[in-house]
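This is protein-v2.txt. It holds compact mmCIF, C-alpha atoms.
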# COMPACT_ATOMS: atom_id res chain seq x y z
CA MET A 1 255.74 112.20 200.87
CA GLY A 2 254.97 112.04 197.19
CA SER A 3 251.37 110.94 196.83
CA PRO A 4 248.19 110.34 198.81
CA LYS A 5 249.20 106.66 198.96
CA ASP A 6 252.23 107.64 201.06
CA PHE A 7 250.22 109.51 203.68
CA PRO A 8 248.70 106.45 205.41
CA PHE A 9 252.19 105.01 205.81
CA VAL A 10 253.40 108.14 207.57
CA ALA A 11 250.35 108.38 209.79
CA GLU A 12 250.42 104.71 210.82
CA VAL A 13 254.11 104.03 211.29
CA GLU A 14 256.19 107.14 211.74
CA CYS A 15 256.33 107.65 215.52
CA GLY A 16 258.62 110.66 215.22
CA PHE A 17 256.21 112.49 212.96
CA ILE A 18 253.29 111.92 215.33
CA GLU A 19 255.48 113.00 218.28
CA LEU A 20 256.09 116.29 216.48
CA VAL A 21 252.35 116.95 216.40
CA TYR A 22 252.18 116.55 220.20
CA SER A 23 255.43 118.30 221.07
CA PRO A 24 255.18 121.35 223.31
CA ILE A 25 258.21 122.72 221.47
CA VAL A 26 256.90 124.52 218.41
CA TYR A 27 259.17 126.13 215.85
CA LYS A 28 256.49 127.05 213.37
CA LYS A 29 252.83 126.42 213.97
CA ASN A 30 250.11 125.94 211.41
CA ASP A 31 246.79 125.84 213.25
CA GLN A 32 244.91 124.59 210.19
CA PHE A 33 247.32 121.68 209.77
CA LEU A 34 247.05 120.75 213.46
CA GLU A 35 243.26 121.01 213.34
CA LEU A 36 243.18 118.60 210.41
CA PHE A 37 246.00 116.25 211.40
CA THR A 38 245.65 115.79 215.19
CA PRO A 39 242.36 113.84 215.11
CA LEU A 40 243.82 111.71 212.33
CA ALA A 41 246.97 111.03 214.35
CA ASP A 42 244.81 109.98 217.30
CA ALA A 43 242.76 107.62 215.14
CA CYS A 44 245.85 106.10 213.52
CA PHE A 45 247.77 105.65 216.76
CA SER A 46 248.66 101.97 217.00
CA PRO A 47 249.58 101.05 220.58
CA VAL A 48 251.10 97.74 219.47
CA ALA A 49 253.26 99.24 216.70
CA VAL A 50 254.48 102.19 218.76
CA SER A 51 255.07 99.97 221.79
CA TYR A 52 257.28 97.61 219.77
CA HIS A 53 259.12 100.61 218.31
CA TYR A 54 260.07 101.79 221.80
CA LEU A 55 260.68 98.25 223.05
CA SER A 56 263.28 97.69 220.35
CA MET A 57 265.09 100.87 221.33
CA SER A 58 264.86 100.24 225.08
CA LYS A 59 266.42 96.77 224.69
CA LYS A 60 269.36 98.30 222.84
CA TYR A 61 269.88 101.01 225.47
CA LEU A 62 269.40 98.53 228.31
CA GLU A 63 272.40 96.58 227.03
CA ALA A 64 274.41 99.80 226.90
CA CYS A 65 273.55 100.31 230.59
CA ARG A 66 274.64 96.79 231.64
CA THR A 67 278.12 97.96 232.73
CA ASP A 68 279.71 99.24 235.91
CA GLU A 69 279.96 102.74 234.45
CA VAL A 70 277.16 104.03 232.25
CA LYS A 71 277.11 106.95 229.89
CA LEU A 72 274.47 109.18 231.50
CA LYS A 73 272.99 109.82 228.08
CA SER A 74 272.39 106.07 227.65
CA TYR A 75 270.58 105.93 231.00
CA PHE A 76 268.20 108.62 229.82
CA TYR A 77 267.64 106.99 226.43
CA CYS A 78 266.79 103.76 228.21
CA LEU A 79 264.61 105.49 230.80
CA ARG A 80 262.70 107.42 228.15
CA THR A 81 262.04 104.48 225.84
CA ALA A 82 261.18 102.05 228.65
CA MET A 83 258.84 104.51 230.34
CA THR A 84 257.25 105.49 227.04
CA GLY A 85 256.46 101.81 226.44
CA LYS A 86 255.04 101.59 229.96
CA TRP A 87 252.87 104.64 229.25
CA ILE A 88 251.43 103.08 226.11
CA ILE A 89 250.64 99.85 227.98
CA GLU A 90 249.13 101.54 231.04
CA LYS A 91 247.42 104.54 229.44
CA GLY A 92 246.78 103.33 225.88
CA THR A 93 247.40 106.82 224.51
CA VAL A 94 250.08 108.67 222.58
CA PRO A 95 252.89 109.11 225.12
CA PRO A 96 253.93 112.58 226.22
CA VAL A 97 256.97 114.16 224.62
CA LEU A 98 258.15 115.76 227.86
CA PHE A 99 260.16 113.29 229.94
CA SER A 100 258.93 114.87 233.17
CA GLU A 101 255.36 113.83 232.33
CA LEU A 102 256.41 110.17 232.25
CA LEU A 103 257.52 110.32 235.89
CA VAL A 104 253.93 109.79 237.08
CA LEU A 105 254.48 106.12 236.19
CA VAL A 106 257.10 105.49 238.87
CA ASP A 107 257.05 105.38 242.65
CA HIS A 108 258.42 108.24 244.71
CA TYR A 109 261.74 106.50 245.42
CA THR A 110 262.47 105.79 241.74
CA ARG A 111 261.30 109.26 240.77
CA LYS A 112 263.78 110.80 243.24
CA LYS A 113 266.63 108.74 241.76
CA ILE A 114 265.68 109.89 238.26
CA GLU A 115 265.32 113.53 239.31
CA ASP A 116 268.78 113.36 240.94
CA LEU A 117 270.18 112.06 237.63
CA ILE A 118 268.42 114.89 235.78
CA ALA A 119 270.08 117.42 238.10
CA LEU A 120 273.46 115.72 237.61
CA LYS A 121 273.01 115.65 233.82
CA ALA A 122 272.59 119.43 233.83
CA THR A 123 276.13 119.76 235.20
CA LYS A 124 277.90 117.16 233.03
CA GLY A 125 278.92 116.89 229.40
CA GLU A 126 277.55 114.45 226.83
CA SER A 127 280.39 111.99 227.33
CA TYR A 128 280.07 111.72 231.15
CA TYR A 129 280.10 108.19 232.56
CA HIS A 130 278.30 107.56 235.84
CA PRO A 131 278.70 104.63 238.25
CA ASN A 132 275.84 102.26 237.52
CA ASP A 133 272.97 102.41 239.97
CA TRP A 134 272.14 98.70 239.85
CA GLU A 135 268.85 99.30 241.62
CA LEU A 136 267.79 101.71 238.88
CA PHE A 137 269.12 99.27 236.29
CA GLY A 138 266.90 96.60 237.90
CA PHE A 139 263.90 98.91 237.49
CA LEU A 140 264.79 99.39 233.81
CA GLU A 141 265.30 95.69 233.20
CA LYS A 142 262.00 94.80 234.90
CA THR A 143 260.14 97.51 232.97
CA VAL A 144 261.55 96.37 229.62
CA LEU A 145 260.62 92.73 230.36
CA GLU A 146 257.10 93.74 231.44
CA ASN A 147 256.72 95.93 228.35
CA GLU A 148 257.77 93.02 226.14
CA GLU A 149 255.23 90.68 227.72
CA LYS A 150 252.33 93.16 227.83
CA SER A 151 252.92 94.57 224.33
CA LYS A 152 251.70 91.28 222.87
CA SER A 153 248.13 92.05 223.88
CA LEU A 154 247.95 95.64 222.62
CA LYS A 155 245.68 96.64 219.76
CA GLY A 156 246.52 98.19 216.43
CA GLY A 157 245.33 101.54 215.11
CA LYS A 158 242.11 101.98 213.18
CA PRO A 159 242.97 104.27 210.29
CA ASP A 160 240.16 105.33 207.99
CA LYS A 161 241.87 105.39 204.59
CA ARG A 162 239.20 107.62 203.03
CA GLU A 163 239.47 110.14 205.84
CA MET A 164 243.25 110.06 205.57
CA GLU A 165 243.09 110.81 201.88
CA ARG A 166 240.57 113.62 202.46
CA VAL A 167 242.80 115.19 205.12
CA PHE A 168 245.86 114.78 202.91
CA ARG A 169 244.13 116.64 200.10
CA GLU A 170 243.05 119.40 202.50
CA ILE A 171 246.62 119.73 203.79
CA LEU A 172 247.90 120.08 200.24
CA LYS A 173 245.58 123.10 199.83
CA LEU A 174 247.09 124.89 202.85
Show me the file's structure as structure tokens.
Amino acid sequence: MGSPKDFPFVAEVECGFIELVYSPIVYKKNDQFLELFTPLADACFSPVAVSYHYLSMSKKYLEACRTDEVKLKSYFYCLRTAMTGKWIIEKGTVPPVLFSELLVLVDHYTRKKIEDLIALKATKGESYYHPNDWELFGFLEKTVLENEEKSKSLKGGKPDKREMERVFREILKL
């Protein structure tokens, strides 16, 4: 980030940066920065942009899961991105960083399947392939298709460029 002109770009588009602000995992905390930046991140949150970001990723991971044996890691990438898109559509807010918080979006049966996979993942290595659960794959496919259709009607963010520049200048003073 080189100039105040760059700051709006980061605040509007960079999902990863905004996720860091909301992450419960904190390596180094600057309360003044969070006090200044969090309201700005909320105001700049663009449901349509972030939804399409996750939709693009979930489509890619869905294809990786369309096999008889699935890398468990790919299942979780697809689950996370599909459910994050669902969160944005249903809640209209910045999605939670913790995967477990996304589970409120699914029925008990699907939640149990996912929790069983979480328990299995804890015992397996990164390269483990799991027999495809075609029922769970169907849930993923349906969710991705619904996200794609419903994302079209989401709204954009409403960044206040003057406020962004003011906050940027304050952050530079920290």
Separation of atom CA of Ala49 of chain A and atom CA of Gly156 of chain A, in Å?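 Computed distance, atom CA of Ala49 of chain A to atom CA of Gly156 of chain A, equals 6.8 Å.
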Show me the residues close to (264.4, 107.2, 233.5) - anything with an atom within 9 Å, counting only C-alpha atoms - and format the list as a list in words.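 Residues lying no farther than 9 Å from the given point: Tyr75, Phe76, Tyr77, Cys78, Leu79, Arg80, Thr81, Ala82, Met83, Phe99, Leu102, Leu103, Thr110, Arg111, Lys113, Ile114, Glu115, Leu117, Ile118, Leu136 and Leu140 of chain A.
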Any chance you could export the current selection's C-alpha atoms as an mmCIF file, in the frame of the given file?
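As a result, part-v1.cif now contains:
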data_model
loop_
_atom_site.group_PDB
_atom_site.id
_atom_site.type_symbol
_atom_site.label_atom_id
_atom_site.label_comp_id
_atom_site.auth_asym_id
_atom_site.auth_seq_id
_atom_site.Cartn_x
_atom_site.Cartn_y
_atom_site.Cartn_z
ATOM 1 C CA TYR A 75 270.580 105.930 231.000
ATOM 2 C CA PHE A 76 268.200 108.620 229.820
ATOM 3 C CA TYR A 77 267.640 106.990 226.430
ATOM 4 C CA CYS A 78 266.790 103.760 228.210
ATOM 5 C CA LEU A 79 264.610 105.490 230.800
ATOM 6 C CA ARG A 80 262.700 107.420 228.150
ATOM 7 C CA THR A 81 262.040 104.480 225.840
ATOM 8 C CA ALA A 82 261.180 102.050 228.650
ATOM 9 C CA MET A 83 258.840 104.510 230.340
ATOM 10 C CA PHE A 99 260.160 113.290 229.940
ATOM 11 C CA LEU A 102 256.410 110.170 232.250
ATOM 12 C CA LEU A 103 257.520 110.320 235.890
ATOM 13 C CA THR A 110 262.470 105.790 241.740
ATOM 14 C CA ARG A 111 261.300 109.260 240.770
ATOM 15 C CA LYS A 113 266.630 108.740 241.760
ATOM 16 C CA ILE A 114 265.680 109.890 238.260
ATOM 17 C CA GLU A 115 265.320 113.530 239.310
ATOM 18 C CA LEU A 117 270.180 112.060 237.630
ATOM 19 C CA ILE A 118 268.420 114.890 235.780
ATOM 20 C CA LEU A 136 267.790 101.710 238.880
ATOM 21 C CA LEU A 140 264.790 99.390 233.810
#
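You can rank A:Glu90, A:Glu165, A:Glu148, A:Glu141 by their closest distance to Arg66 of chain A using only C-alpha atoms, and at the top of that list sits A:Glu141.
Proximity of A:Leu98, A:Val167, A:Val70, A:Val106 to Tyr129 of chain A, computed with all atoms listed in the file, is greatest for A:Val70.
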Please list as a PyMOL selection string every residue within 10 Å of Ser153 of chain A, counting only C-alpha atoms and excluding residues in the same chain fewer than 4 positions away. chain A and resi 47-48+89+148-149
In file coordinates, which residues lie within 7 Å of (264.6, 100.5, 226.5) using all atoms listed in the file, given as number ranges by chain? A: 54-62, 78-79, 81-82, 144
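With distances restricted to only C-alpha atoms, A:Tyr52 is the closest residue to Lys150 of chain A from A:Tyr52, A:Val97, A:Thr67, A:Glu35.
Distance check against Gln32 of chain A using all atoms listed in the file: of A:Cys44, A:Leu172, A:Gly157, A:Glu146, the minimum falls on A:Leu172.
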Between A:Lys86, A:His53, A:Leu40, A:Ser46, which one has atoms that come closest to Phe139 of chain A, using only C-alpha atoms? A:Lys86
What is the distance between atom CA of Asp42 of chain A and atom CA of Val94 of chain A, in Å to one decimal? 7.6 Å
When distances are computed from all atoms listed in the file, which of A:Val104, A:Ser51, A:Thr84, A:Tyr109 shows the smallest separation from Glu135 of chain A?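 Selected residue with least distance to Glu135 of chain A: A:Tyr109.
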Coordinates-based distance that separates atom CA of Lys158 of chain A from atom CA of Ala43 of chain A (Å, one decimal):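 Those two atoms sit 6.0 Å apart.
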